[in-house]
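Source file: coords-v5.txt. Holds: compact mmCIF, C-alpha atoms and all ligand atoms.
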```txt
# COMPACT_ATOMS: atom_id res chain seq x y z
CA MET A 1 213.77 153.54 79.66
CA ILE A 2 212.42 151.89 82.82
CA SER A 3 214.55 151.78 85.96
CA ASN A 4 216.84 148.91 86.93
CA LEU A 5 214.76 148.47 90.06
CA MET A 6 211.58 147.99 88.06
CA ARG A 7 212.91 145.72 85.29
CA PRO A 8 213.13 142.49 87.34
CA LYS A 9 209.60 143.13 88.62
CA VAL A 10 208.26 143.46 85.09
CA ASN A 11 210.07 140.37 83.86
CA GLY A 12 209.09 138.26 86.87
CA SER A 13 205.47 139.38 86.81
CA SER A 14 202.88 137.27 88.60
CA ALA A 15 202.60 133.54 87.81
CA ILE A 16 198.89 133.79 88.66
CA ARG A 17 198.32 136.49 86.06
CA ARG A 18 200.40 134.54 83.52
CA MET A 19 198.20 131.45 83.95
CA PHE A 20 195.10 133.64 83.67
CA GLU A 21 196.38 135.03 80.34
CA GLU A 22 197.13 131.46 79.11
CA GLY A 23 193.56 130.57 80.03
CA LYS A 24 192.20 133.28 77.77
CA LYS A 25 194.24 131.85 74.87
CA LEU A 26 193.01 128.29 75.54
CA ALA A 27 189.42 129.55 75.78
CA ALA A 28 189.75 131.13 72.33
CA VAL A 29 190.81 127.74 70.88
CA TYR A 30 188.60 125.27 72.80
CA GLY A 31 185.70 127.50 73.89
CA PRO A 32 185.44 128.94 77.42
CA GLU A 33 183.16 126.10 78.61
CA ASN A 34 185.96 123.60 77.91
CA VAL A 35 188.62 125.43 79.90
CA TYR A 36 188.60 125.05 83.70
CA ASP A 37 190.22 128.17 85.01
CA PHE A 38 191.18 127.92 88.69
CA SER A 39 193.94 130.53 88.42
CA LEU A 40 192.74 133.94 89.59
CA GLY A 41 190.96 134.90 92.84
CA ASN A 42 188.26 136.85 91.01
CA PRO A 43 184.93 136.23 92.83
CA ASN A 44 182.27 134.46 90.80
CA VAL A 45 179.44 135.42 93.17
CA PRO A 46 178.03 138.78 91.99
CA ALA A 47 178.12 141.76 94.35
CA PRO A 48 174.89 141.84 96.42
CA GLU A 49 171.91 143.45 94.69
CA GLU A 50 171.31 145.78 97.68
CA LEU A 51 174.81 147.20 97.24
CA ARG A 52 174.27 147.88 93.56
CA ASP A 53 170.89 149.46 94.37
CA ALA A 54 172.59 151.65 96.97
CA MET A 55 175.13 152.82 94.36
CA ILE A 56 172.35 153.70 91.90
CA ASP A 57 170.40 155.57 94.58
CA ILE A 58 173.50 157.49 95.67
CA LEU A 59 174.21 158.47 92.05
CA LYS A 60 170.65 159.74 91.70
CA THR A 61 170.21 161.51 95.03
CA GLU A 62 173.59 162.57 96.44
CA ASP A 63 174.87 166.11 95.98
CA PRO A 64 177.24 165.74 93.00
CA LEU A 65 179.75 168.14 94.52
CA LYS A 66 180.06 165.83 97.52
CA LEU A 67 179.86 162.62 95.51
CA HIS A 68 182.52 163.52 92.97
CA GLY A 69 184.63 165.92 95.01
CA TYR A 70 187.85 165.66 97.01
CA MET A 71 187.46 164.79 100.67
CA SER A 72 189.63 164.14 103.70
CA ASN A 73 192.44 161.70 102.78
CA ALA A 74 191.11 159.31 105.44
CA GLY A 75 187.71 159.14 103.75
CA PHE A 76 184.13 160.17 104.57
CA ASP A 77 183.43 160.37 108.33
CA GLU A 78 180.06 158.66 107.87
CA THR A 79 181.67 155.64 106.19
CA ARG A 80 184.42 155.38 108.79
CA GLN A 81 181.84 155.63 111.60
CA ALA A 82 179.54 153.03 109.98
CA ILE A 83 182.47 150.59 109.75
CA ALA A 84 183.49 151.28 113.37
CA ASP A 85 179.88 150.69 114.51
CA ASP A 86 179.74 147.39 112.61
CA LEU A 87 183.05 146.21 114.12
CA ASN A 88 181.92 147.26 117.62
CA HIS A 89 178.71 145.32 117.16
CA ARG A 90 180.59 142.20 116.09
CA TYR A 91 183.58 142.29 118.42
CA GLY A 92 182.38 144.31 121.45
CA THR A 93 185.07 146.93 120.76
CA VAL A 94 184.97 150.74 121.15
CA TYR A 95 186.25 151.93 117.78
CA SER A 96 185.21 155.22 116.22
CA ALA A 97 185.65 156.92 112.83
CA ALA A 98 189.02 158.14 114.12
CA ASN A 99 190.39 154.55 114.05
CA ILE A 100 189.61 153.92 110.38
CA VAL A 101 191.34 155.10 107.18
CA MET A 102 189.61 154.24 103.91
CA THR A 103 191.80 152.78 101.16
CA ALA A 104 191.70 151.45 97.61
CA GLY A 105 191.46 147.77 98.65
CA ALA A 106 193.81 145.65 100.77
CA GLY A 107 196.75 146.26 98.43
CA SER A 108 196.76 149.97 99.14
CA ALA A 109 195.87 149.39 102.81
CA MET A 110 199.08 147.37 103.13
CA ASN A 111 201.10 149.89 101.15
CA ILE A 112 200.11 152.89 103.28
CA THR A 113 200.72 150.81 106.40
CA MET A 114 204.18 149.78 105.21
CA ARG A 115 204.94 153.34 104.04
CA SER A 116 204.17 154.42 107.61
CA ILE A 117 206.39 151.96 109.49
CA LEU A 118 209.22 150.79 107.23
CA GLU A 119 212.71 152.11 106.61
CA PRO A 120 215.21 150.64 104.13
CA GLY A 121 216.70 147.41 105.47
CA ASP A 122 213.80 146.70 107.85
CA GLU A 123 212.58 143.12 108.13
CA VAL A 124 209.02 141.82 107.98
CA ILE A 125 208.13 138.24 108.90
CA VAL A 126 205.93 136.29 106.47
CA PHE A 127 204.68 132.71 106.78
CA ALA A 128 205.10 130.55 103.68
CA PRO A 129 203.17 129.83 101.62
CA TYR A 130 202.00 133.42 101.18
CA PHE A 131 200.56 135.94 98.71
CA LEU A 132 203.76 136.87 96.90
CA GLU A 133 202.63 140.41 96.16
CA TYR A 134 203.82 141.14 99.73
CA ASN A 135 207.39 141.03 98.40
CA ASN A 136 206.59 143.81 95.93
CA TYR A 137 204.88 145.88 98.59
CA LEU A 138 207.90 145.50 100.91
CA SER A 139 210.43 146.32 98.21
CA ASN A 140 208.54 149.56 97.54
CA TYR A 141 209.99 150.74 100.86
CA GLY A 142 213.37 148.97 100.75
CA ALA A 143 212.29 146.39 103.34
CA VAL A 144 212.85 142.64 103.08
CA PRO A 145 210.64 139.62 103.78
CA VAL A 146 211.93 137.10 106.32
CA VAL A 147 210.25 133.86 105.33
CA ILE A 148 209.12 131.26 107.87
CA ALA A 149 209.01 127.76 106.35
CA PRO A 150 205.66 126.07 105.68
CA HIS A 151 204.37 123.71 108.35
CA PRO A 152 202.31 121.02 106.55
CA GLU A 153 202.05 118.77 109.66
CA SER A 154 200.04 121.46 111.45
CA GLY A 155 197.77 122.16 108.47
CA PHE A 156 199.95 125.15 107.50
CA MET A 157 199.60 127.02 110.79
CA PRO A 158 202.26 129.68 111.48
CA ASP A 159 205.40 128.24 113.08
CA VAL A 160 205.73 130.44 116.18
CA GLN A 161 209.05 128.91 117.25
CA GLU A 162 210.75 129.63 113.95
CA MET A 163 209.23 133.11 113.98
CA CYS A 164 210.80 133.84 117.36
CA ALA A 165 214.16 132.55 116.20
CA LYS A 166 214.10 134.91 113.21
CA ILE A 167 213.01 138.10 114.97
CA THR A 168 215.82 140.69 115.17
CA PRO A 169 216.03 144.36 116.25
CA LYS A 170 215.19 145.19 112.61
CA THR A 171 211.87 143.30 112.66
CA LYS A 172 209.11 145.87 112.22
CA ALA A 173 206.12 143.65 111.54
CA VAL A 174 204.70 140.17 111.10
CA ILE A 175 202.13 139.66 108.35
CA ILE A 176 199.21 137.35 109.11
CA ASN A 177 196.66 136.45 106.44
CA ASN A 178 193.62 134.78 107.94
CA PRO A 179 191.69 133.05 106.31
CA ASN A 180 194.68 132.20 104.23
CA ASN A 181 195.53 132.56 100.58
CA PRO A 182 196.72 130.10 99.27
CA THR A 183 196.03 127.32 101.82
CA GLY A 184 192.37 128.00 102.76
CA ALA A 185 193.40 127.44 106.40
CA VAL A 186 191.83 129.50 109.19
CA TYR A 187 194.10 130.17 112.19
CA PRO A 188 192.07 129.57 115.38
CA ALA A 189 192.20 131.64 118.58
CA GLU A 190 194.76 129.32 120.27
CA VAL A 191 197.25 129.82 117.45
CA ILE A 192 196.77 133.60 117.40
CA SER A 193 197.07 133.69 121.19
CA GLN A 194 200.41 131.77 121.14
CA LEU A 195 201.74 133.98 118.39
CA ALA A 196 200.65 137.15 120.22
CA ASP A 197 202.26 136.01 123.51
CA ALA A 198 205.51 135.24 121.71
CA LEU A 199 205.52 138.68 120.06
CA LYS A 200 204.80 140.44 123.36
CA SER A 201 207.86 138.72 124.89
CA LYS A 202 209.99 139.66 121.90
CA GLN A 203 208.91 143.30 122.08
CA GLU A 204 209.87 143.37 125.76
CA GLU A 205 213.16 141.57 125.22
CA LEU A 206 214.24 143.86 122.36
CA GLY A 207 212.57 147.09 123.50
CA THR A 208 211.06 147.54 120.03
CA VAL A 209 207.56 147.79 118.57
CA ILE A 210 206.64 144.84 116.34
CA TYR A 211 203.31 145.25 114.56
CA ILE A 212 201.03 142.50 113.38
CA ILE A 213 199.77 143.51 109.96
CA SER A 214 196.61 141.46 109.65
CA ASP A 215 195.65 141.12 105.99
CA GLU A 216 191.95 140.15 106.12
CA PRO A 217 190.27 140.29 102.70
CA TYR A 218 188.72 136.84 103.31
CA ARG A 219 187.52 137.50 106.89
CA GLU A 220 183.84 136.82 106.18
CA LEU A 221 184.46 133.81 103.91
CA VAL A 222 184.55 131.04 106.52
CA TYR A 223 182.82 127.68 106.62
CA GLY A 224 181.16 125.56 109.29
CA ASP A 225 182.35 126.29 112.83
CA ALA A 226 185.54 128.06 111.80
CA LYS A 227 185.95 131.50 113.43
CA VAL A 228 188.41 134.25 112.54
CA PRO A 229 189.81 135.75 115.75
CA HIS A 230 189.84 139.55 116.07
CA ILE A 231 193.59 139.98 116.58
CA PRO A 232 193.47 143.29 118.55
CA ASP A 233 191.78 141.23 121.32
CA PHE A 234 195.09 139.36 121.62
CA TYR A 235 197.73 141.92 120.64
CA ASN A 236 197.67 145.71 120.97
CA ASN A 237 200.01 146.60 118.10
CA THR A 238 197.76 145.17 115.41
CA LEU A 239 196.90 146.96 112.17
CA ILE A 240 194.07 145.40 110.21
CA CYS A 241 194.14 145.76 106.43
CA TYR A 242 190.67 144.96 105.14
CA SER A 243 189.14 144.82 101.68
CA TYR A 244 185.68 144.40 100.18
CA SER A 245 187.23 142.82 97.04
CA LYS A 246 186.33 139.28 98.10
CA SER A 247 183.77 139.69 100.88
CA LEU A 248 181.41 141.74 98.67
CA SER A 249 182.83 140.75 95.26
CA LEU A 250 184.13 144.24 94.45
CA PRO A 251 187.76 143.71 93.37
CA GLY A 252 187.54 146.15 90.46
CA GLU A 253 186.07 148.91 92.59
CA ARG A 254 189.12 149.18 94.89
CA ILE A 255 187.65 149.71 98.33
CA GLY A 256 188.91 148.73 101.79
CA TYR A 257 190.33 150.25 104.98
CA VAL A 258 192.98 150.13 107.67
CA LEU A 259 191.83 149.78 111.27
CA VAL A 260 194.22 151.26 113.83
CA PRO A 261 192.98 150.19 117.29
CA PRO A 262 193.13 152.80 120.08
CA GLN A 263 195.36 150.52 122.18
CA SER A 264 198.09 150.37 119.48
CA ASP A 265 201.35 152.29 119.85
CA GLY A 266 200.92 156.00 118.93
CA TRP A 267 197.64 155.32 117.12
CA GLU A 268 196.58 158.94 116.54
CA GLU A 269 199.82 159.85 114.81
CA PHE A 270 199.56 156.57 112.93
CA VAL A 271 196.16 157.50 111.49
CA LEU A 272 197.57 160.84 110.34
CA SER A 273 200.49 159.01 108.78
CA LEU A 274 198.20 156.65 106.88
CA SER A 275 196.19 159.61 105.52
CA THR A 276 199.41 161.32 104.46
CA ALA A 277 200.62 158.11 102.79
CA ASN A 278 197.33 157.91 100.88
CA ARG A 279 198.21 161.31 99.43
CA MET A 280 201.93 160.61 98.93
CA LEU A 281 201.27 157.41 97.00
CA GLY A 282 198.81 159.20 94.74
CA ILE A 283 195.77 157.28 95.98
CA VAL A 284 194.58 160.55 97.63
CA ASN A 285 191.36 158.93 98.87
CA ALA A 286 189.37 155.74 98.37
CA PRO A 287 186.70 155.91 95.61
CA SER A 288 183.87 158.12 96.88
CA LEU A 289 180.86 156.27 95.40
CA GLN A 290 182.08 153.01 96.94
CA GLN A 291 182.63 154.66 100.31
CA LEU A 292 179.09 156.03 100.37
CA ALA A 293 177.65 152.67 99.32
CA ILE A 294 179.62 150.83 102.01
CA ALA A 295 178.33 153.31 104.63
CA ARG A 296 174.83 152.01 103.90
CA CYS A 297 175.75 148.32 103.56
CA THR A 298 178.18 147.27 106.31
CA GLY A 299 175.91 144.38 107.30
CA LEU A 300 175.86 142.75 103.84
CA ARG A 301 177.64 139.44 103.24
CA SER A 302 178.56 137.44 100.16
CA ASN A 303 177.07 134.04 99.35
CA VAL A 304 179.53 131.99 101.39
CA ALA A 305 177.51 128.80 100.87
CA PHE A 306 178.34 128.98 97.16
CA TYR A 307 182.09 128.89 97.84
CA GLU A 308 181.69 126.30 100.57
CA ARG A 309 179.96 123.92 98.15
CA ASN A 310 182.62 124.41 95.46
CA GLY A 311 185.38 123.86 98.01
CA ALA A 312 183.77 120.73 99.45
CA ASP A 313 183.11 119.17 96.01
CA LEU A 314 186.60 119.91 94.75
CA TYR A 315 188.17 118.63 97.98
CA GLU A 316 186.14 115.41 97.95
CA GLY A 317 186.60 114.83 94.22
CA LEU A 318 190.37 115.29 94.28
CA THR A 319 190.89 113.39 97.53
CA ALA A 320 188.96 110.41 96.12
CA MET A 321 191.31 110.41 93.11
CA GLY A 322 194.36 110.15 95.40
CA PHE A 323 195.41 113.80 95.73
CA SER A 324 196.35 115.06 99.16
CA CYS A 325 194.61 118.39 99.88
CA VAL A 326 194.23 120.77 102.81
CA LYS A 327 190.53 120.84 103.72
CA PRO A 328 189.62 124.51 103.32
CA ASP A 329 187.97 126.25 106.28
CA GLY A 330 187.74 129.59 104.52
CA ALA A 331 188.68 131.87 101.59
CA PHE A 332 188.17 130.14 98.22
CA TYR A 333 191.40 128.25 97.63
CA LEU A 334 192.28 124.57 97.65
CA TRP A 335 195.94 123.79 98.41
CA VAL A 336 196.93 120.47 96.89
CA LYS A 337 200.14 118.45 97.12
CA SER A 338 201.72 117.98 93.73
CA PRO A 339 202.40 114.28 92.96
CA ILE A 340 205.83 115.35 91.65
CA ASP A 341 208.37 117.72 93.20
CA ASP A 342 208.25 120.08 90.24
CA ASP A 343 204.92 121.84 90.88
CA ALA A 344 205.27 124.05 87.77
CA ALA A 345 205.69 120.95 85.57
CA PHE A 346 202.63 119.42 87.19
CA CYS A 347 200.57 122.56 86.55
CA ASP A 348 201.66 122.32 82.90
CA GLU A 349 200.34 118.75 82.85
CA LEU A 350 197.02 120.01 84.16
CA LYS A 351 197.06 122.80 81.60
CA ASN A 352 197.42 120.22 78.84
CA GLU A 353 194.05 118.89 80.07
CA ARG A 354 192.70 122.47 80.03
CA VAL A 355 192.81 122.90 83.83
CA LEU A 356 194.48 126.12 84.94
CA SER A 357 196.09 126.19 88.38
CA THR A 358 198.92 128.08 90.05
CA PRO A 359 202.18 126.40 91.10
CA GLY A 360 202.89 126.53 94.84
CA SER A 361 206.29 128.07 94.11
CA ALA A 362 204.41 131.26 93.18
CA PHE A 363 203.54 131.42 96.91
CA MET A 364 206.90 130.17 98.26
CA GLY A 365 205.25 126.80 98.76
CA PRO A 366 206.99 124.45 96.32
CA GLY A 367 205.64 120.92 95.86
CA TYR A 368 202.02 122.12 95.99
CA PHE A 369 199.58 123.85 93.67
CA ARG A 370 196.62 126.18 94.28
CA LEU A 371 193.13 125.90 92.86
CA SER A 372 191.08 129.06 93.12
CA TYR A 373 187.47 127.83 93.25
CA CYS A 374 185.62 131.14 92.98
CA VAL A 375 184.27 129.73 89.71
CA SER A 376 180.89 128.40 88.62
CA HIS A 377 179.84 125.08 90.15
CA GLU A 378 179.67 123.74 86.59
CA THR A 379 183.38 124.42 86.18
CA VAL A 380 184.09 122.33 89.29
CA VAL A 381 181.91 119.45 88.09
CA ASN A 382 183.06 119.53 84.46
CA SER A 383 186.73 119.69 85.40
CA MET A 384 186.64 116.32 87.18
CA PRO A 385 187.36 114.12 84.14
CA SER A 386 190.45 116.22 83.36
CA PHE A 387 191.74 115.87 86.93
CA LYS A 388 190.97 112.14 86.79
CA LYS A 389 192.96 111.70 83.61
CA VAL A 390 196.04 113.27 85.18
CA ALA A 391 195.51 111.54 88.54
CA ALA A 392 195.40 108.13 86.82
CA ARG A 393 199.04 108.63 85.75
CA TYR A 394 200.15 108.94 89.38
CA PHE A 395 197.67 107.16 91.61
CA GLY A 396 196.63 104.30 89.29
N1 LIG A 401 195.91 139.99 100.29
C1 LIG A 401 195.61 138.76 99.85
C2 LIG A 401 195.95 137.59 100.68
C3 LIG A 401 194.96 138.60 98.62
O1 LIG A 401 194.66 137.36 98.21
C4 LIG A 401 194.66 139.74 97.84
C5 LIG A 401 194.05 139.60 96.52
O2 LIG A 401 193.90 138.55 95.96
C6 LIG A 401 195.00 140.99 98.35
C7 LIG A 401 195.63 141.08 99.57
C8 LIG A 401 194.72 142.25 97.59
O3 LIG A 401 193.37 142.55 97.66
P1 LIG A 401 192.76 143.88 97.03
O4 LIG A 401 192.10 143.51 95.76
O5 LIG A 401 191.76 144.33 98.03
O6 LIG A 401 193.86 144.85 96.87
```
In structure tokens, what does this structure look like?
Amino acid sequence: MISNLMRPKVNGSSAIRRMFEEGKKLAAVYGPENVYDFSLGNPNVPAPEELRDAMIDILKTEDPLKLHGYMSNAGFDETRQAIADDLNHRYGTVYSAANIVMTAGAGSAMNITMRSILEPGDEVIVFAPYFLEYNNYLSNYGAVPVVIAPHPESGFMPDVQEMCAKITPKTKAVIINNPNNPTGAVYPAEVISQLADALKSKQEELGTVIYIISDEPYRELVYGDAKVPHIPDFYNNTLICYSYSKSLSLPGERIGYVLVPPQSDGWEEFVLSLSTANRMLGIVNAPSLQQLAIARCTGLRSNVAFYERNGADLYEGLTAMGFSCVKPDGAFYLWVKSPIDDDAAFCDELKNERVLSTPGSAFMGPGYFRLSYCVSHETVVNSMPSFKKVAARYFG
């Protein structure tokens, strides 16, 4: 029998996954080309050819005892150094292999980070709407989310004032996700700077350490002039949880890292703690083939123009029909205001027209819905008549 702690998690399992499963059923009835599935954030751009070539070459040429063996829980030194070199090149920093711990994607990066800092009853600030999996990660360690209300007037920027009002001696961290899932917003340097200054004052006032956990799987997916600030430039106690799931289209491969900057509180012990947590949580180490491939390919980028075009066409199409949408600056999500308060009911209406979306409530953002546009451009174009049909009921 499963535990009483686990049962509610199983029963309340992800709305995003549920919609994805519904999509598979609809596709079986109507044919996949007639179902417009904007539910899951599964990249539609294939992983770069050079990366796949690197994996094949590594399989053919690498010593199998190294390739398939155990290693340090923090990962291969060469991979950690290659990542540090790439970050130094981009941000003018002085990181080394010692600042990086390889993980199985952002999910495990966040889990080993939280394992390292949280005690039961601790509080972690999150800005709604947010990736609800954070609640599961926090409950793994008996910690609780403290939710800051959405701020639509500012384009869903974090509300620094409310954050300050809700910080207590139990606040261990603030989670930032930039570019953002589900809103597609990118927080600019001014916003990060304000938030960092406020946290510095709070740390001083309370005499505590408050970390920023910066969840950055979408860091390279930005459009136009938008820039993602490197948060350690603004705030010492920053831990970056990175993933190649979206930036190199590798979600099934489970590869990412935590960056612990040398200016953060007790960083050397922290790196040891992350390595230990990798072992304690049974991850042991990040997948070795992926680590060796990443070591050769840190400069590769996904086809951002593909997502940008999908985002722009969806935004323009829906706005012209009367929907109110946040113009995405990054990631691959469109955040749309539901014409009725009940966002789940509205998503059902869309589903009846074979459009799959996720209700905003699944991100603590009721009254909105999310379209994940990491789909073929055809899906975007062919979905328009379905959106139009529903829009006509509300916007005439
Ligand atoms: N954080 C956010 C905001 C995400 O959207 C996702 C995945 O969709 C993750 C973390 C988890 O990423 P990973 O597949 O690297 O564990």
Around stretch 235-254 of chain A, with edges along x, y and z and 8 Å added on all six sides, what centre and edge lengths do you get, in Å to one decimal, as lines of an AutoDock Vina configuration file?
```
center_x = 190.7
center_y = 144.2
center_z = 105.7
size_x = 34.6
size_y = 25.9
size_z = 46.5
```
- Give as a PyMOL selection string the residues surrounding ligand LIG 401 (chain A) up to a distance of 10 Å, considering all atoms listed in the file. chain A and resi 40-43+103-111+130-134+176-182+214-218+241-247+249-257+331-333
- Task: Please indicate the distance in Å from atom CA of A:Leu221 to atom CA of A:Arg354, rounded to one decimal place.
- Result: 27.7 Å
- What lies within 12 Å of A:Lys166 using all atoms listed in the file, ignoring chain neighbours under 2 positions off, as a ChimeraX atom specification? /A:123-127,145-149,159-164,168-171,173-174,199,202
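Within 9 Å of the point (190.2, 153.9, 106.3) in file coordinates, and counting all atoms listed in the file, lie the residues A:Asn73, A:Ala74, A:Gly75, A:Phe76, A:Thr79, A:Arg80, A:Ala97, A:Ala98, A:Asn99, A:Ile100, A:Val101, A:Met102, A:Thr103, A:Ala109, A:Gly256, A:Tyr257, A:Val258, A:Leu259, A:Val260, A:Val271, A:Leu274, A:Ser275, A:Ala286.
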Can you tell me, as an mmCIF file with C-alpha atoms, keeping the file's coordinate frame, what residues are no more than 12 Å from stretch 4-14 of chain A when counting all atoms listed in the file, ignoring any on the same chain fewer than 6 positions away?
```cif
data_model
loop_
_atom_site.group_PDB
_atom_site.id
_atom_site.type_symbol
_atom_site.label_atom_id
_atom_site.label_comp_id
_atom_site.auth_asym_id
_atom_site.auth_seq_id
_atom_site.Cartn_x
_atom_site.Cartn_y
_atom_site.Cartn_z
ATOM 1 C CA PHE A 20 195.100 133.640 83.670
ATOM 2 C CA GLU A 21 196.380 135.030 80.340
ATOM 3 C CA SER A 39 193.940 130.530 88.420
ATOM 4 C CA LEU A 40 192.740 133.940 89.590
ATOM 5 C CA PHE A 131 200.560 135.940 98.710
ATOM 6 C CA LEU A 132 203.760 136.870 96.900
ATOM 7 C CA GLU A 133 202.630 140.410 96.160
ATOM 8 C CA TYR A 134 203.820 141.140 99.730
ATOM 9 C CA ASN A 135 207.390 141.030 98.400
ATOM 10 C CA ASN A 136 206.590 143.810 95.930
ATOM 11 C CA TYR A 137 204.880 145.880 98.590
ATOM 12 C CA SER A 139 210.430 146.320 98.210
ATOM 13 C CA ASN A 140 208.540 149.560 97.540
ATOM 14 C CA GLY A 142 213.370 148.970 100.750
ATOM 15 C CA THR A 358 198.920 128.080 90.050
ATOM 16 C CA PRO A 359 202.180 126.400 91.100
ATOM 17 C CA SER A 361 206.290 128.070 94.110
ATOM 18 C CA ALA A 362 204.410 131.260 93.180
ATOM 19 C CA PHE A 363 203.540 131.420 96.910
#
```
- A:Ala277, A:Ala305, A:Leu314, A:Ile56 ranked by distance to A:Arg115, top pick (using all atoms listed in the file):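 Looking at the shortest contact to A:Arg115, the residue is A:Ala277.
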- Item | Residue contacts of A:Pro152 (12 Å, all atoms listed in the file) excluding same-chain residues fewer than 4 positions away, as number ranges by chain | A: 127-129, 156-159, 183, 185, 324-326, 335-337, 365-368
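Using all atoms listed in the file, the shortest contact distance between A:Lys389 and any of A:Leu118, A:Leu318, A:Ala344, A:Val375 is found at A:Leu318.
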Which residues are near stretch 44-46 of chain A? Cut-off 9 Å, all atoms listed in the file, ignore same chain within fewer than 6 positions. Put them as a PDB file with C-alpha atoms, keeping the file's coordinate frame.
```pdb
ATOM      1  CA  LEU A 248     181.410 141.740  98.670  1.00  0.00           C
ATOM      2  CA  SER A 249     182.830 140.750  95.260  1.00  0.00           C
ATOM      3  CA  LEU A 250     184.130 144.240  94.450  1.00  0.00           C
ATOM      4  CA  SER A 302     178.560 137.440 100.160  1.00  0.00           C
ATOM      5  CA  ASN A 303     177.070 134.040  99.350  1.00  0.00           C
ATOM      6  CA  VAL A 304     179.530 131.990 101.390  1.00  0.00           C
ATOM      7  CA  PHE A 306     178.340 128.980  97.160  1.00  0.00           C
ATOM      8  CA  TYR A 307     182.090 128.890  97.840  1.00  0.00           C
ATOM      9  CA  TYR A 373     187.470 127.830  93.250  1.00  0.00           C
ATOM     10  CA  CYS A 374     185.620 131.140  92.980  1.00  0.00           C
ATOM     11  CA  VAL A 375     184.270 129.730  89.710  1.00  0.00           C
ATOM     12  CA  SER A 376     180.890 128.400  88.620  1.00  0.00           C
TER      13      SER A 376
END
```
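For the pair atom CA of A:Glu308 and atom CA of A:Ser372, the interatomic distance is 12.3 Å.
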- Message: For stretch 48-51 of chain A, find every residue with an atom within 8 Å (counting all atoms listed in the file), except residues of its own chain fewer than 5 positions away, and show them as a PyMOL selection string.
- Response: chain A and resi 248+293-294+297+300-302
Serialized selection, C-alpha atoms, as a short mmCIF file (atom, residue, chain, number, x, y, z; two decimals), in the coordinates of the input:
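Output (selection-v6.cif):
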```cif
data_model
loop_
_atom_site.label_atom_id
_atom_site.label_comp_id
_atom_site.auth_asym_id
_atom_site.auth_seq_id
_atom_site.Cartn_x
_atom_site.Cartn_y
_atom_site.Cartn_z
CA LEU A 248 181.41 141.74 98.67
CA ALA A 293 177.65 152.67 99.32
CA ILE A 294 179.62 150.83 102.01
CA CYS A 297 175.75 148.32 103.56
CA LEU A 300 175.86 142.75 103.84
CA ARG A 301 177.64 139.44 103.24
CA SER A 302 178.56 137.44 100.16
#
```
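Of note, atom CA of A:Lys25 and atom CA of A:Asp343 are spaced 21.7 Å apart.
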